[in-house]
Each structure stands twice: as C-alpha cells, then as structure tokens.
Amino acid sequence: MLPEGALNLQELEQLAREKLTAMAYAYYASGALDELTLRENVAAWARLPIHYRVLVDVSARDLSTTVLGARVSMPVLVAPTAFHGLACSDGELATVRAAGGAGTIMCLSSLSNTRVEEVCAAAGGPVWFQLYVYRDRAATEALVRRAEAAGASAIVLTVDAPLLGRRERDVRNEFHLPEGLRVENMSAVAGHAEVALRSASSGLAAYFKEKLDPSLTWKDVAWLRGATRLPVLVKGIVRADDARRAVDHGASGIVVSNHGGRQLDGSPATASVLGPIADAVQGRIEVLVDGGVRRGADVLRALALGARAVLVGRPILWGLATAGEAGARGVLEALRAEIDHAMALAGCASVSDVTRDLLVPPGP
Ligand code: GLV
C-alpha cells in the first residue's frame, strides 16, 4: 500500500516533495509555461461523471486485460519518465521491479539513469522502450537494436517533442543532472551521456536542441518500423487525424498524450480528446492514454472512452522518491484497489464491462 502518511496519490506528492531536492521535484512536477495543460489533464477526468449501473452482480471482479497481446493484472502501465536516479538510488531498477511485482508493463525512457540491458535483466514482466530519435540516426538505430537484444517487447516513439517544452521552473533552477547521474543509454556515444545537462537555463532543453532530431515526420515512423521487428507505438497524439495517420503508417498502437503537460502549453487535456480519437481508430490498433490519471475512477473513465489501458507517470516518481521500489509498488497497488472499488460501485465485474455508456448513458 501507499507509504505511511498518504491516503492517495495526491497526498503522496507532498511526501515526495519533502524527500527530493528542490531541483528534482521541480523537474518532475513541472509543466510547460503557465502549466495550463498540466492542471487541465487532472481536472478534465474529474469533469466526467460516471453513470453507474445498479443491481449487477459484482461479487467477483477481474481487473486483468491484455495490451498488445501481453496479459497485465490491471489496465495500468508505468509511463516513461526520465531520470529515476533523481528519485531513489536504485533508479529504474526499483521501477521495473515494482512494475513486474504488480503484474504490469514498464515503459522505460530513453533518458534513463540505468542502461536498458540492466533494466530488462531485472524485469519480472514486459519492458517497453520509449525512443527519442537523435540527429545521429546510426546511434538511434543502435539504441533500438540494444533495446531489442535486451528483451524489450515494444518501441514507443515519442512524437510530441521536436524541441523540449519550456518549463520555467527548470529554467529558473538551471536544471541539470547531479554528479554521478548520466544518460546511461547513450554512454557509448561520445558526448551524449554527460552532455552538460548543464547550461544557463534548462540543461535538458539544451540537450534536446543539440542532440534530438526536430525534422522527424511520418516517413520516420516507416523508417522505424523497418529498423525493428518490435511493434511500434506512437506516443503524443491529441488529434483524430493524426491517430488515423498512425494507423496508416503501421503503428501497432498509439498513446494519446500531451507529455504530461510538459510540451505545448494549451494543448488539450487527454481526457477531452480520447473519445473522438478512439472512435476514429475504430479498434484497428490499441489506444492507450496518459496524463492526469490520479484516481482509479480516472482509469474507468479512460476505458469507457475507448482506451485499452492507461499509463501513469508522476505518481510512480512520488512513490520512488518516498520509498523506492516499495513506494512505486504501493502506487500501483493503491490504484488497483481504487479501480476495483470503482468497478464494483459502477456495476462492472470485468474491464470489458467498462463501456462508453458509463459516461454517456442511453436515453429513456
Ligand atoms: C523528458 O522526456 C521530459 O519531458 O522531461
């Protein structure tokens, strides 16, 4: 369960804040500019009333489902977030153990403080690899090969970050990685691991500007598909037409995401675009969603709108910061308990019972 002192994921953030350096907390917590999208991501779920069904036998409930064919114990995955070494000494090893222990998938960030090989070796469940495409395509391909060889089971291509969003808290703090932490996946590429992640403003923004490829287009989705035998998911979609393009370009799935409100401030909350996107995709590929999921009921809302599963990012970081692997596991178990409870109260015995009519009830 959650570390002592927190009854829910919001309360956990306060505990984590006390444990983290001010720079690390601000990096994890911040959104772009005025943080409109950051706040709206959370608020938009809460605005969706759940029209529960009554007199349904919910004495036995099953939260399990499959995502890209892999069975997971509940429709919650661990979202890719950078630099877990800022939260706890075991970094991403703690996260992957927590995800495996909870019977779900971890999506590892390219920007991890632990090499993908080590993370996969410690995994008790599937690991997906989130990819940023570097200007150096050979280095990018090498990274994809390593993820494959290490045993990752999908590549999640982030497409909402041609440049890094401007996070003013990071600019103010001159965000950089502390001594001893590096972009480990790039340690073999000269100048990539230590890239100063230190500058007169956000070191990560400088890293993106210098190293990542802002010329990426849909053609590169085809390139990536040709470069790997793994399924490719496209992460960062907020429009139905882009979702259709992802289908047309052979993606196996999409993640409806605005990067946790960290990229374009003013972009729509994922809760507000998920339904139309799922409708446009028409079940041809799997639709996942992240952004602002803080309650089990939010997971029900997401499934009702057409998501296969949700990914949670910041709450996992709060768990790691508060109590390492046990803290991250506690976050997943707290969400599981809340989903189970919400399903029972909504008249759903299994995730397949969580359908659109819970949000849009049939008329008289
Ligand atoms: C990294 O991907 C970030 O958004 O900070």
# chains A, B, ... in the order shown; residues from 1 in each chain; ligands from 1
>>> residues_around(residues="Lys235 in chain A", least_positions_apart="2", cutoff="8 Å", atoms="only C-alpha atoms", output="PDB file with C-alpha atoms, in the first residue's frame")
ATOM      1  CA  VAL A 156       7.260   3.665 -28.053  1.00  0.00           C
ATOM      2  CA  LEU A 157       8.185   6.555 -30.313  1.00  0.00           C
ATOM      3  CA  THR A 158       7.626   9.961 -28.725  1.00  0.00           C
ATOM      4  CA  VAL A 159       6.461  12.404 -31.397  1.00  0.00           C
ATOM      5  CA  ASP A 160       5.479  15.490 -29.416  1.00  0.00           C
ATOM      6  CA  LEU A 233       3.571   2.650 -30.719  1.00  0.00           C
ATOM      7  CA  ILE A 237      -1.220  12.058 -30.282  1.00  0.00           C
ATOM      8  CA  ILE A 254      -0.908   4.981 -30.053  1.00  0.00           C
ATOM      9  CA  VAL A 255      -0.586   6.738 -26.769  1.00  0.00           C
ATOM     10  CA  VAL A 256      -2.947   9.681 -26.520  1.00  0.00           C
ATOM     11  CA  SER A 257      -0.677  12.026 -24.626  1.00  0.00           C
TER      12      SER A 257
END
>>> residues_around(residues="Ala326 in chain A", least_positions_apart="4", cutoff="12 Å", atoms="only C-alpha atoms", output="list in words")
Met1, Leu2, Pro3, Glu4, Cys88, Asp90, Leu93, Ala94, Thr95, Val96, Arg97, Ala98, Ala99, Gly101, Ala102, Ile316, Leu317, Trp318, Gly319, Leu320, Ala321, Thr322, Gly330, Val331, Leu332, Glu333 and Ala334 of chain A
>>> residues_near_ligand(ligand="ligand 1", cutoff="9 Å", atoms="only C-alpha atoms and all ligand atoms", output="count of residues only")
24
>>> closest_residue(among="A:Ile285, A:Leu12, A:Leu181, A:Ile50", to="Ala342 in chain A", atoms="only C-alpha atoms")
A:Ile50
>>> closest_residue(among="A:Tyr134, A:Tyr25, A:Trp128, A:Trp45", to="Leu216 in chain A", atoms="only C-alpha atoms")
A:Tyr134
>>> select_by_dssp(residues="range 56-282 of chain A", states="helix (DSSP H, G or I)", output="ChimeraX atom specification")
/A:84-86,92-101,116-122,137-150,168-173,184-186,203-211,218-227,240-248,259-261,270-281
>>> residues_around(residues="Ser153 in chain A", least_positions_apart="6", cutoff="9 Å", atoms="only C-alpha atoms", output="ChimeraX atom specification")
/A:126-129,147,230-231
>>> atom_distance(atom1="CA of Gly266 in chain A", atom2="CA of Leu163 in chain A")
16.1 Å
>>> atom_distance(atom1="CA of Leu9 in chain A", atom2="CA of Ala29 in chain A")
13.3 Å
>>> residues_around(residues="range 346-359 of chain A", least_positions_apart="5", cutoff="10 Å", atoms="only C-alpha atoms", output="number ranges by chain")
A: 48-65, 74-75, 275, 297, 299-306, 308-309, 339-341
>>> atom_distance(atom1="CA of Glu117 in chain A", atom2="CA of Ala152 in chain A")
9.0 Å
